[in-house]
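Worksheet for the structure shown next.
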Amino acid sequence: MKEIEFSVEINATKDKVWSVLWEGVSFRDWAGIIDEGTYMKGVMEEGNEIQFISSVNGYGVTDRIEKLIPNEFVLFRHSSDTQESGQLEREKEWTGGRFLRYIWME
């Protein structure tokens, strides 16, 4: 499996960055760049399933939170692509893939 790594330096506290990434309107703002109208369904807790769904076309992905350290780290394991606002499984093309968000400050 191919690994890709990106990083960016942000002049803000970890708490602020975390809330922008995962809470309400600010999540929709940045996620909409990837897929217009994207929102998150589920509770950010380790072991839970989370869905990222496009309100425009109803397609999305279902992921399980494999590891979570609030304000620092979250690791998602992809379960399936979905349609009809996450109600139907569409495909498993990249099932098992991992998506990592890590916030680190010195």
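Here's how to read the names in the structure tokens: chain A, B, ... by the order shown, residue numbers from 1 in each chain, ligand numbers from 1 in the order shown.
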
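Within the 6 Å cut-off around stretch 59-66 of chain A, using only C-alpha atoms and omitting residues fewer than 3 positions from it on the same chain, the listed residues are Glu46, Gly47, Asn48, Glu49, Ile50, Gln51, Phe52, Ile53, Ser54, Leu75, Phe76, Arg77, His78, Ser79, Ser80, Asp81, Thr82 and Gln83 of chain A.
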
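Considering the residues A:Asp15, A:Ser55, A:Glu45, A:Val8 and counting only C-alpha atoms, A:Ala31 has its shortest atom-to-atom contact with A:Ser55.
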
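Atom CA of A:Trp18 is found 9.2 Å from atom CA of A:Phe73.
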
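Excluding stretch 21-26 of chain A itself and same-chain residues fewer than 3 positions from it, the residues having an atom within 10 Å of it are Asp15, Lys16, Val17, Trp18, Asp29, Trp30, Ala31, Gly32, Tyr39, Met40, Met44, Asn71 and Arg101 of chain A, counting only C-alpha atoms.
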
With C-alpha atoms retained, write the just-selected residues as a JSON list (two decimals), in the first residue's frame.
```json
[["chain", "number", "residue", "atom", "x", "y", "z"],
["A", 15, "ASP", "CA", -7.26, 22.51, 20.96],
["A", 16, "LYS", "CA", -8.10, 25.16, 18.36],
["A", 17, "VAL", "CA", -6.76, 23.10, 15.46],
["A", 18, "TRP", "CA", -8.62, 20.00, 16.67],
["A", 29, "ASP", "CA", -15.83, 24.29, 5.49],
["A", 30, "TRP", "CA", -12.56, 22.40, 5.00],
["A", 31, "ALA", "CA", -14.11, 19.02, 4.06],
["A", 32, "GLY", "CA", -16.17, 20.74, 1.35],
["A", 39, "TYR", "CA", -20.58, 16.37, 6.83],
["A", 40, "MET", "CA", -19.66, 13.85, 9.53],
["A", 44, "MET", "CA", -15.64, 10.72, 17.72],
["A", 71, "ASN", "CA", -6.43, 17.06, 20.47],
["A", 101, "ARG", "CA", -4.69, 12.90, 11.51]]
```
